[in-house]
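One file, entry_4.txt, is given below (compact mmCIF, C-alpha atoms).
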# COMPACT_ATOMS: atom_id res chain seq x y z
CA MET D 93 -18.89 -36.71 58.67
CA LYS D 94 -21.36 -34.31 57.06
CA TYR D 95 -21.50 -33.85 53.28
CA TYR D 96 -22.06 -30.56 51.47
CA PHE D 97 -22.45 -29.56 47.85
CA MET D 98 -20.53 -26.40 47.00
CA THR D 99 -20.59 -24.35 43.84
CA LEU D 100 -18.55 -21.28 42.87
CA MET D 101 -20.93 -20.39 40.00
CA PRO D 102 -18.18 -19.62 37.47
CA TYR D 103 -19.03 -17.86 34.22
CA ALA D 104 -18.52 -21.13 32.33
CA ALA D 105 -19.50 -19.54 29.01
CA ILE D 106 -16.30 -17.48 28.97
CA ASP D 107 -14.47 -17.16 25.64
CA GLN D 108 -11.23 -18.76 26.77
CA ALA D 109 -9.14 -17.33 23.94
CA GLU D 110 -10.30 -13.81 24.80
CA ARG D 111 -9.78 -14.40 28.51
CA LEU D 112 -6.14 -15.38 27.92
CA LYS D 113 -5.43 -11.99 26.40
CA TYR D 114 -5.60 -10.64 29.97
CA ASP D 115 -3.54 -11.59 33.00
CA SER D 116 -6.47 -12.67 35.16
CA ALA D 117 -10.20 -13.37 35.36
CA TRP D 118 -10.34 -11.01 38.33
CA VAL D 119 -10.99 -7.26 38.58
CA THR D 120 -9.37 -6.17 35.29
CA LEU D 121 -11.06 -8.63 32.89
CA PRO D 122 -13.47 -6.48 30.81
CA ASN D 123 -17.12 -7.21 31.54
CA SER D 124 -17.80 -6.84 27.83
CA LEU D 125 -16.91 -10.55 27.76
CA TYR D 126 -20.02 -11.26 29.84
CA ASP D 127 -23.25 -12.14 28.01
CA PRO D 128 -26.35 -11.57 30.21
CA LYS D 129 -28.29 -14.28 28.37
CA GLU D 130 -25.57 -16.82 29.08
CA GLY D 131 -25.41 -15.55 32.65
CA ALA D 132 -29.15 -16.06 33.07
CA ARG D 133 -28.86 -19.63 31.75
CA LEU D 134 -25.99 -20.42 34.08
CA TYR D 135 -27.72 -18.98 37.14
CA GLN D 136 -30.72 -21.23 36.52
CA GLU D 137 -28.49 -24.29 36.11
CA TYR D 138 -26.49 -23.53 39.23
CA ILE D 139 -29.58 -22.94 41.35
CA ASP D 140 -31.03 -26.21 40.00
CA ASP D 141 -27.82 -27.94 41.17
CA LEU D 142 -28.19 -26.53 44.68
CA VAL D 143 -31.83 -27.59 44.94
CA ARG D 144 -30.94 -31.04 43.55
CA ALA D 145 -28.31 -31.44 46.29
CA ASP D 146 -31.05 -31.06 48.88
CA GLN D 147 -33.14 -33.68 47.09
CA LEU D 148 -30.16 -36.06 46.90
CA GLY D 149 -29.69 -35.94 50.66
CA PHE D 150 -26.66 -33.71 51.09
CA ASP D 151 -26.42 -32.31 54.61
CA GLY D 152 -25.89 -28.82 53.27
CA VAL D 153 -25.31 -26.57 50.28
CA CYS D 154 -22.66 -23.85 50.14
CA VAL D 155 -22.37 -20.53 48.35
CA ASN D 156 -19.70 -17.85 48.60
CA GLU D 157 -18.78 -14.28 47.71
CA HIS D 158 -16.42 -12.86 45.11
CA HIS D 159 -16.45 -9.57 43.23
CA GLN D 160 -15.70 -8.40 39.69
CA THR D 161 -14.63 -11.81 38.41
CA ALA D 162 -15.59 -14.58 36.02
CA TYR D 163 -14.35 -17.02 38.70
CA GLY D 164 -17.70 -16.83 40.47
CA MET D 165 -20.94 -15.01 39.68
CA MET D 166 -21.88 -14.45 43.32
CA PRO D 167 -21.01 -10.92 44.38
CA SER D 168 -23.99 -11.37 46.72
CA PRO D 169 -24.39 -14.90 48.12
CA ILE D 170 -27.27 -13.40 50.10
CA VAL D 171 -29.37 -13.43 46.92
CA ILE D 172 -28.74 -17.13 46.23
CA ALA D 173 -29.16 -18.14 49.89
CA SER D 174 -32.47 -16.27 50.00
CA ILE D 175 -33.75 -18.34 47.07
CA LEU D 176 -32.53 -21.54 48.72
CA ALA D 177 -34.28 -20.67 51.99
CA ARG D 178 -37.57 -21.31 50.14
CA GLU D 179 -36.55 -23.78 47.42
CA THR D 180 -34.82 -26.30 49.71
CA LYS D 181 -36.49 -28.18 52.54
CA ASN D 182 -33.95 -30.06 54.66
CA CYS D 183 -30.34 -29.10 54.01
CA LYS D 184 -28.29 -26.48 55.79
CA ILE D 185 -27.56 -23.32 53.79
CA ALA D 186 -23.96 -22.21 54.28
CA ILE D 187 -22.80 -18.76 53.19
CA LEU D 188 -19.01 -19.26 52.96
CA GLY D 189 -18.73 -16.54 53.47
CA SER D 190 -19.66 -12.92 53.63
CA ALA D 191 -16.60 -10.66 53.40
CA ILE D 192 -17.45 -8.53 56.39
CA PRO D 193 -14.54 -6.04 56.43
CA LEU D 194 -15.23 -4.86 52.89
CA ARG D 195 -18.42 -3.11 53.94
CA ASP D 196 -18.92 0.20 55.69
CA HIS D 197 -22.27 -1.10 56.97
CA PRO D 198 -21.78 -4.70 58.23
CA LEU D 199 -24.99 -4.27 60.23
CA THR D 200 -26.88 -4.97 56.99
CA LEU D 201 -25.30 -8.44 56.93
CA ALA D 202 -26.56 -9.10 60.44
CA GLU D 203 -30.07 -8.22 59.22
CA GLU D 204 -29.88 -10.22 55.98
CA HIS D 205 -28.46 -13.35 57.60
CA ALA D 206 -31.12 -13.15 60.32
CA MET D 207 -33.81 -12.98 57.61
CA ILE D 208 -32.46 -16.06 55.82
CA ASP D 209 -32.15 -17.96 59.09
CA THR D 210 -35.75 -17.12 59.93
CA ILE D 211 -37.20 -17.93 56.49
CA SER D 212 -35.36 -21.28 56.46
CA LYS D 213 -36.42 -21.98 60.08
CA GLY D 214 -32.91 -22.23 61.40
CA ARG D 215 -30.99 -23.81 58.54
CA LEU D 216 -28.43 -21.04 58.00
CA ILE D 217 -24.70 -21.46 58.57
CA THR D 218 -22.96 -18.08 58.61
CA GLY D 219 -19.48 -17.88 57.14
CA MET D 220 -17.29 -14.90 57.88
CA VAL D 221 -14.22 -14.10 55.78
CA ARG D 222 -11.91 -11.18 55.14
CA GLY D 223 -12.14 -11.74 51.39
CA ILE D 224 -9.08 -12.53 49.27
CA GLY D 225 -6.73 -9.77 48.16
CA ALA D 226 -8.49 -9.22 44.83
CA GLU D 227 -11.64 -8.10 46.63
CA TYR D 228 -9.75 -5.14 48.11
CA HIS D 229 -8.78 -4.02 44.62
CA ALA D 230 -12.43 -4.37 43.58
CA PHE D 231 -13.75 -2.36 46.54
CA GLY D 232 -10.90 0.12 46.83
CA THR D 233 -10.59 -0.83 50.52
CA ASN D 234 -7.26 -0.62 52.36
CA PRO D 235 -6.08 -4.25 52.84
CA ALA D 236 -3.86 -3.23 55.74
CA LYS D 237 -7.01 -2.46 57.75
CA SER D 238 -8.74 -5.75 56.92
CA HIS D 239 -7.90 -7.53 60.19
CA GLU D 240 -9.11 -4.60 62.33
CA ARG D 241 -12.29 -4.21 60.30
CA PHE D 242 -12.97 -7.95 60.34
CA HIS D 243 -12.79 -8.22 64.13
CA GLU D 244 -14.85 -5.10 64.71
CA ALA D 245 -17.50 -6.14 62.17
CA HIS D 246 -17.62 -9.63 63.72
CA ASP D 247 -18.16 -8.20 67.20
CA LEU D 248 -20.88 -5.86 65.92
CA ILE D 249 -22.76 -8.68 64.17
CA ILE D 250 -22.58 -11.02 67.18
CA LYS D 251 -23.81 -8.29 69.54
CA ALA D 252 -26.60 -7.34 67.14
CA TRP D 253 -27.75 -10.98 67.17
CA THR D 254 -27.47 -11.60 70.90
CA GLN D 255 -27.78 -8.31 72.79
CA PRO D 256 -31.23 -6.69 73.17
CA GLY D 257 -31.47 -3.36 71.39
CA PRO D 258 -31.38 -0.57 70.87
CA PHE D 259 -27.79 0.03 71.93
CA HIS D 260 -24.84 2.11 70.75
CA TYR D 261 -21.87 0.37 69.11
CA GLU D 262 -18.70 2.34 68.55
CA SER D 263 -15.27 1.11 67.47
CA LYS D 264 -12.35 2.44 65.46
CA HIS D 265 -14.00 1.83 62.08
CA TYR D 266 -17.72 1.69 62.90
CA ASP D 267 -20.14 3.88 64.82
CA PHE D 268 -23.83 2.96 65.01
CA LYS D 269 -25.93 4.97 67.45
CA TYR D 270 -28.83 2.51 67.18
CA VAL D 271 -28.26 -1.23 66.90
CA ASN D 272 -31.69 -2.82 67.06
CA ILE D 273 -32.13 -5.36 64.24
CA TRP D 274 -35.47 -6.80 63.20
CA PRO D 275 -35.73 -9.77 62.78
CA THR D 276 -33.31 -11.47 65.12
CA PRO D 277 -31.98 -14.93 64.12
CA TYR D 278 -34.21 -18.01 64.38
CA GLN D 279 -31.33 -20.00 65.94
CA LYS D 280 -30.29 -19.00 69.44
CA PRO D 281 -27.99 -17.47 70.35
CA HIS D 282 -27.13 -17.19 66.63
CA PRO D 283 -26.44 -19.36 63.54
CA PRO D 284 -23.29 -21.52 63.58
CA ILE D 285 -20.26 -19.61 62.34
CA TRP D 286 -17.71 -21.10 59.96
CA ILE D 287 -14.38 -19.54 59.01
CA PRO D 288 -12.98 -20.56 55.59
CA SER D 289 -9.25 -19.95 55.13
CA GLN D 290 -6.12 -21.01 53.30
CA GLY D 291 -4.04 -21.33 56.45
CA SER D 292 -3.55 -17.93 58.08
CA GLN D 293 -2.21 -18.38 61.62
CA GLU D 294 -4.27 -15.41 62.79
CA THR D 295 -7.42 -17.02 61.39
CA ILE D 296 -6.68 -20.32 63.13
CA GLU D 297 -6.10 -18.56 66.44
CA PHE D 298 -9.33 -16.59 66.06
CA ALA D 299 -11.52 -19.52 64.99
CA SER D 300 -10.24 -21.90 67.67
CA HIS D 301 -10.42 -19.42 70.54
CA PRO D 302 -12.54 -20.74 73.45
CA ASP D 303 -14.90 -17.79 73.10
CA HIS D 304 -15.63 -18.90 69.51
CA LYS D 305 -14.81 -22.53 68.70
CA TYR D 306 -15.89 -21.74 65.16
CA THR D 307 -15.69 -24.38 62.44
CA TYR D 308 -12.50 -23.86 60.43
CA LEU D 309 -12.49 -24.82 56.74
CA GLN D 310 -9.37 -25.40 54.70
CA THR D 311 -9.96 -24.58 51.03
CA PHE D 312 -8.23 -25.56 47.78
CA SER D 313 -5.04 -27.00 49.25
CA PRO D 314 -3.04 -30.22 48.82
CA ALA D 315 -4.05 -32.91 51.29
CA VAL D 316 -0.74 -32.68 53.17
CA GLN D 317 -1.37 -28.97 53.72
CA VAL D 318 -4.95 -29.62 54.79
CA LYS D 319 -3.69 -31.99 57.48
CA LYS D 320 -1.01 -29.48 58.53
CA PHE D 321 -3.48 -26.65 59.04
CA LEU D 322 -6.24 -28.71 60.64
CA ASP D 323 -3.65 -30.11 63.03
CA ALA D 324 -2.55 -26.53 63.70
CA TYR D 325 -6.14 -25.77 64.77
CA ARG D 326 -6.09 -28.78 67.10
CA GLN D 327 -2.74 -27.71 68.55
CA GLN D 328 -3.98 -24.17 69.07
CA ALA D 329 -7.06 -25.51 70.84
CA GLU D 330 -4.78 -27.49 73.17
CA THR D 331 -2.86 -24.28 73.85
CA TYR D 332 -6.17 -22.70 74.81
CA GLY D 333 -6.86 -25.64 77.15
CA TYR D 334 -9.39 -27.81 75.33
CA GLU D 335 -9.55 -30.61 72.76
CA ALA D 336 -11.02 -29.65 69.39
CA ASP D 337 -13.76 -31.87 68.04
CA ASP D 338 -13.72 -33.03 64.41
CA SER D 339 -16.99 -31.12 63.95
CA GLN D 340 -14.92 -27.92 64.22
CA LEU D 341 -12.98 -28.81 61.07
CA GLY D 342 -13.80 -29.09 57.38
CA TRP D 343 -12.26 -29.43 53.92
CA SER D 344 -13.42 -28.06 50.58
CA VAL D 345 -12.10 -29.78 47.43
CA PRO D 346 -13.15 -30.40 43.79
CA VAL D 347 -14.48 -33.91 43.17
CA TYR D 348 -15.29 -35.77 39.97
CA VAL D 349 -16.79 -39.25 39.88
CA GLY D 350 -16.69 -41.09 36.54
CA GLU D 351 -17.74 -44.53 35.42
CA THR D 352 -14.06 -45.63 35.46
CA ASP D 353 -10.80 -44.00 36.55
CA GLU D 354 -9.75 -43.47 32.94
CA GLN D 355 -13.09 -41.98 31.94
CA ALA D 356 -13.15 -39.72 34.99
CA ILE D 357 -9.72 -38.27 34.16
CA LYS D 358 -10.63 -37.78 30.51
CA GLU D 359 -13.92 -36.06 31.33
CA ALA D 360 -12.64 -33.91 34.17
CA ARG D 361 -9.44 -32.70 32.51
CA PRO D 362 -10.69 -29.78 30.35
CA HIS D 363 -12.87 -28.40 33.13
CA PHE D 364 -10.20 -28.72 35.82
CA ASP D 365 -7.66 -27.11 33.50
CA ALA D 366 -10.09 -24.24 32.92
CA PHE D 367 -10.68 -23.88 36.64
CA ARG D 368 -6.97 -23.57 37.37
CA THR D 369 -5.74 -21.59 34.35
CA ILE D 370 -8.77 -19.61 33.11
CA PHE D 371 -10.58 -18.75 36.34
CA ALA D 372 -8.31 -19.11 39.38
CA LYS D 373 -5.04 -17.64 38.17
CA MET D 374 -4.15 -14.11 39.17
CA PRO D 375 -0.99 -12.00 39.61
CA MET D 376 0.60 -12.19 43.06
CA PRO D 377 0.07 -8.45 43.79
CA MET D 378 -3.65 -9.00 43.23
CA LEU D 379 -3.77 -12.09 45.43
CA LEU D 380 -1.64 -10.62 48.22
CA PRO D 381 -1.72 -6.80 48.11
CA PRO D 382 0.65 -4.98 50.49
CA GLY D 383 -0.57 -5.07 54.07
CA TYR D 384 -3.13 -7.83 53.52
CA THR D 385 -1.04 -10.61 55.07
CA SER D 386 1.12 -10.62 58.18
CA VAL D 387 4.79 -11.54 57.81
CA ASN D 388 4.16 -14.76 59.77
CA SER D 389 1.30 -15.86 57.52
CA LEU D 390 3.21 -14.84 54.39
CA MET D 391 6.09 -17.08 55.44
CA ARG D 392 3.66 -19.95 55.97
CA LEU D 393 2.23 -19.37 52.51
CA MET D 394 5.68 -19.32 50.90
CA GLY D 395 6.39 -22.58 52.70
CA ARG D 396 3.74 -24.22 50.56
CA GLY D 397 6.13 -24.18 47.60
CA ASN D 398 5.69 -22.54 44.21
CA VAL D 399 2.24 -21.01 44.57
CA SER D 400 2.34 -19.83 40.95
CA HIS D 401 2.78 -23.38 39.59
CA THR D 402 -0.30 -24.74 37.82
CA PRO D 403 -0.41 -28.51 38.39
CA THR D 404 -1.54 -31.00 35.79
CA LEU D 405 -4.64 -33.02 36.62
CA GLU D 406 -2.47 -36.04 37.41
CA GLU D 407 -0.33 -33.96 39.79
CA ALA D 408 -3.44 -32.52 41.40
CA ILE D 409 -4.93 -35.99 41.93
CA LYS D 410 -1.69 -37.22 43.48
CA ASP D 411 -1.50 -34.23 45.82
CA GLY D 412 -5.19 -34.32 46.80
CA ILE D 413 -5.99 -30.96 45.22
CA ILE D 414 -8.83 -32.82 43.47
CA ILE D 415 -10.38 -36.23 44.14
CA CYS D 416 -11.08 -37.85 40.77
CA GLY D 417 -11.81 -41.38 39.61
CA SER D 418 -14.42 -44.09 39.63
CA ALA D 419 -16.90 -44.28 42.49
CA ASP D 420 -14.77 -46.97 44.13
CA THR D 421 -11.62 -44.87 43.82
CA VAL D 422 -13.24 -41.67 45.09
CA ARG D 423 -14.92 -43.49 47.97
CA GLU D 424 -11.68 -45.18 49.03
CA LYS D 425 -9.62 -41.99 48.68
CA LEU D 426 -12.12 -39.91 50.64
CA ALA D 427 -12.26 -42.51 53.41
CA GLU D 428 -8.45 -42.56 53.50
CA HIS D 429 -8.27 -38.77 53.73
CA HIS D 430 -10.92 -38.73 56.45
CA ASP D 431 -9.12 -41.31 58.54
CA ASN D 432 -5.76 -39.57 58.09
CA ILE D 433 -6.77 -35.91 58.39
CA ARG D 434 -9.97 -36.15 60.48
CA PHE D 435 -12.59 -33.57 59.61
CA GLY D 436 -16.28 -33.39 60.38
CA HIS D 437 -17.42 -31.55 57.24
CA PHE D 438 -16.63 -32.42 53.62
CA LEU D 439 -17.47 -29.82 50.98
CA ALA D 440 -17.52 -31.39 47.52
CA ASN D 441 -17.10 -28.98 44.63
CA LEU D 442 -18.93 -31.14 42.11
CA GLN D 443 -19.05 -28.41 39.47
CA PHE D 444 -15.83 -26.65 38.59
CA GLY D 445 -14.48 -24.65 35.68
CA THR D 446 -16.47 -25.09 32.49
CA MET D 447 -18.27 -28.30 33.49
CA PRO D 448 -21.70 -28.32 31.76
CA ALA D 449 -25.01 -28.89 33.50
CA GLU D 450 -25.64 -32.51 32.46
CA MET D 451 -22.11 -33.51 33.46
CA THR D 452 -22.52 -31.82 36.83
CA LYS D 453 -25.86 -33.56 37.36
CA ALA D 454 -24.34 -36.98 36.63
CA ASN D 455 -21.39 -36.21 38.92
CA MET D 456 -23.75 -35.24 41.73
CA HIS D 457 -25.81 -38.42 41.38
CA ARG D 458 -22.76 -40.69 41.28
CA PHE D 459 -21.23 -38.97 44.31
CA ALA D 460 -24.45 -39.03 46.34
CA GLU D 461 -25.47 -42.59 45.49
CA GLN D 462 -22.11 -44.37 45.13
CA VAL D 463 -19.81 -42.43 47.45
CA MET D 464 -21.73 -40.50 50.09
CA GLU D 465 -24.38 -43.08 50.98
CA PRO D 466 -21.99 -46.09 51.16
CA LEU D 467 -19.64 -44.09 53.40
CA ARG D 468 -22.54 -43.16 55.65
CA ALA D 469 -23.52 -46.82 55.82
CA ARG D 470 -19.94 -47.79 56.64
CA LYS D 471 -19.90 -45.32 59.52
CA GLU D 472 -23.20 -46.64 60.87
CA THR D 473 -21.88 -50.19 60.70
CA LYS D 474 -18.69 -49.20 62.56
CA GLN D 475 -20.68 -47.41 65.23
CA LYS D 476 -23.00 -50.38 65.71
CA THR D 477 -20.04 -52.77 65.96
CA LYS D 478 -18.40 -50.51 68.54
CA GLN D 479 -21.60 -50.33 70.58
CA ASP D 480 -22.01 -54.11 70.40
CA ASN D 481 -18.45 -54.60 71.60
CA LEU D 482 -19.07 -52.26 74.53
CA ALA D 483 -22.38 -53.87 75.48
CA PRO D 484 -22.28 -55.80 78.80
CA VAL D 485 -22.34 -59.58 78.60
CA ALA D 486 -25.68 -60.99 79.79
Now, as a test, write the supplied structure out as structure tokens.
Amino acid sequence: MKYYFMTLMPYAAIDQAERLKYDSAWVTLPNSLYDPKEGARLYQEYIDDLVRADQLGFDGVCVNEHHQTAYGMMPSPIVIASILARETKNCKIAILGSAIPLRDHPLTLAEEHAMIDTISKGRLITGMVRGIGAEYHAFGTNPAKSHERFHEAHDLIIKAWTQPGPFHYESKHYDFKYVNIWPTPYQKPHPPIWIPSQGSQETIEFASHPDHKYTYLQTFSPAVQVKKFLDAYRQQAETYGYEADDSQLGWSVPVYVGETDEQAIKEARPHFDAFRTIFAKMPMPMLLPPGYTSVNSLMRLMGRGNVSHTPTLEEAIKDGIIICGSADTVREKLAEHHDNIRFGHFLANLQFGTMPAEMTKANMHRFAEQVMEPLRARKETKQKTKQDNLAPVA
């Protein structure tokens, strides 16, 4: 299992009382509530966290894209990934992901990702997403066309990376007479591609297709749902005629490691509550605008229960929406989830909500030193024991 540090870069300085006067932190929340000086401070802290993750031995760091929201100050993850290409030395840099159907010129993403891959000497992981429903309100893009635009933009980017140019690319939504990007990616044929999702059947079918075999990430879901959707990927792979490897599957989840279980819950509570109620909440029409989701995927989503319910921290811990406790508890729970669900990539959201910098730093150190490294050692011990048991008798 590989370990990644992920941050959403929320505007943690938000005036919560003012925020609650509006129905969401997305799209319609007035940007008069944003203070550029606080934003500058937070950007520095969040970038420091990402660089620290590299120094602590995480396998990768992850950034993502959201627009017109206090939920995450990364309308352009390209900017942050570009900084990390120089400021980090060893870890992978995962953009999870660029919302490719929102743009009329996805060819620019092919160029920018190729630049980052080259500057980092092949450490880029490219994430491709449609973007959640709120992004279509922010961009004024028709959500009913998002699937078509996603597939066409994906095909354009892959061809731009792998097919010698110049050549003409024409599809329903895009027409480029000259496709001839400079530079091309450092990794050949192109950087690994990951597909984050919340369980769309169409996404699972696309990611698991034999022509792709892209890594599928389940995000912000109860553990039972994570298992359901990762198993759905495996089943779809079998339908396609192959067995999916655990390296094709990942899980992203908030994590807090305290000195004790009681202290962890006490410390994490206000920041988790802010994450769920201040930042993440949005009206259903904003989350799922008409045409954005197929009937089949909408039924699957409704099958997850009351999606508008905001769980308490205790409920979230029980359901695996967050892993929270002492190092022993977090380590044991993560190992249990790994053995039960089976995933090759674990994305730990070690900063969430309004969690301040020093608290995030301590959380990162405790996770890296008391959870991640012991689990790595456990795996190495198991592998050595297995090899010894398979060794021929002299």
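Reported to one decimal place, the separation of atom CA of Trp343 of chain D from atom CA of Val316 of chain D is 12.0 Å.
Among the candidate residues D:Met165, D:Cys416, D:Leu379, D:Ile433, the one lying nearest to Gln355 of chain D is D:Cys416, with distances computed using only C-alpha atoms.
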- Using only C-alpha atoms, the shortest atom-to-atom distance to His282 of chain D among D:Leu341, D:Met207, D:Ala356, D:Ile296 belongs to D:Met207
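Omitting Ala324 of chain D and its sequence neighbours fewer than 6 positions away, and counting only C-alpha atoms, the residues within 10 Å are Gly291, Gln293, Ile296, Glu297, Ser300, Val318 and Glu330 of chain D.
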- Message: If I take atom CA of Gln327 of chain D and atom CA of Thr307 of chain D, how far is one from the other in Å, to one decimal?
- Response: 14.7 Å
- Fewer than 4 positions away in the same chain doesn't count, so skip those; otherwise give me all residues within 10 Å of Trp118 of chain D, counting all atoms listed in the file, as a PyMOL selection string. chain D and resi 114+122+158-164+226-227+229-230+371-375+378-379
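Checking D:Leu442, D:Val463, D:Leu194, D:Met451 one by one against Ala419 of chain D, counting all atoms listed in the file, you find the shortest gap at D:Val463.
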- For a cut-off of 7 Å around (-22.1, -35.4, 57.5), file coordinates, pick out all residues using only C-alpha atoms and list them as a list in words. Met93, Lys94, Tyr95, Asp151, Gly436 and His437 of chain D
Dump as CSV the rows for residues of segment 125-205 of chain D within 6 Å of segment 213-222 of chain D: closest atom pair and distance in Å with one decimal, all atoms listed in the file counted, ordered by chain and rising residue number.
residue,atom,partner,partner_atom,distance
D:Lys184,CA,D:Arg215,CA,4.7
D:Ile185,CA,D:Leu216,CA,4.9
D:Ala186,CA,D:Ile217,CA,4.4
D:Ile187,CA,D:Gly219,CA,5.2
D:Leu188,CA,D:Gly219,CA,4.4
D:Gly189,CA,D:Gly219,CA,4.0
D:Ser190,CA,D:Met220,CA,5.3
D:Ala191,CA,D:Val221,CA,4.8
D:Pro193,CA,D:Arg222,CA,5.9
- Neighbours of point (-3.2, -31.8, 60.6) within 12 Å, using all atoms listed in the file, written as a ChimeraX atom specification: /D:291,310,314-328,336,338,341-343,429-435
- All residues 9 Å or closer to Ala236 of chain D, only C-alpha atoms, same chain fewer than 3 positions away omitted, as a VMD selection string: chain D and resid 233 239 to 240 381 to 385
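Of note, atom CA of Ala360 of chain D and atom CA of Leu134 of chain D are spaced 19.0 Å apart.
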- Note on the structure: Shortest contact to Tyr135 of chain D, candidates D:Ser116, D:Gln147, D:Thr276, D:Thr99, atoms counted all atoms listed in the file, goes to D:Thr99
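Of the listed residues (D:Val171, D:Ile139, D:Ile249, D:Leu125), D:Ile249 comes nearest to Leu201 of chain D; the distances count all atoms listed in the file.
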- Query: Residues at most 7 Å from Lys269 of chain D, counting all atoms listed in the file, excluding those fewer than 4 positions away in the same chain, as number ranges by chain?
  - Reply: D: 259-261
- With all atoms listed in the file as the atoms that count, which of D:Ala460, D:Val347, D:Leu142, D:Ala299 lies nearest to Ile175 of chain D? D:Leu142
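The shell of residues at most 10 Å from Ile357 of chain D, with only C-alpha atoms counted and near chain neighbours (fewer than 5 positions) removed, consists of D:Tyr348, D:Val349, D:Gly350, D:Thr352, D:Pro362, D:Phe364, D:Leu405, D:Glu406, D:Ile409, D:Cys416, D:Gly417, D:Ser418.
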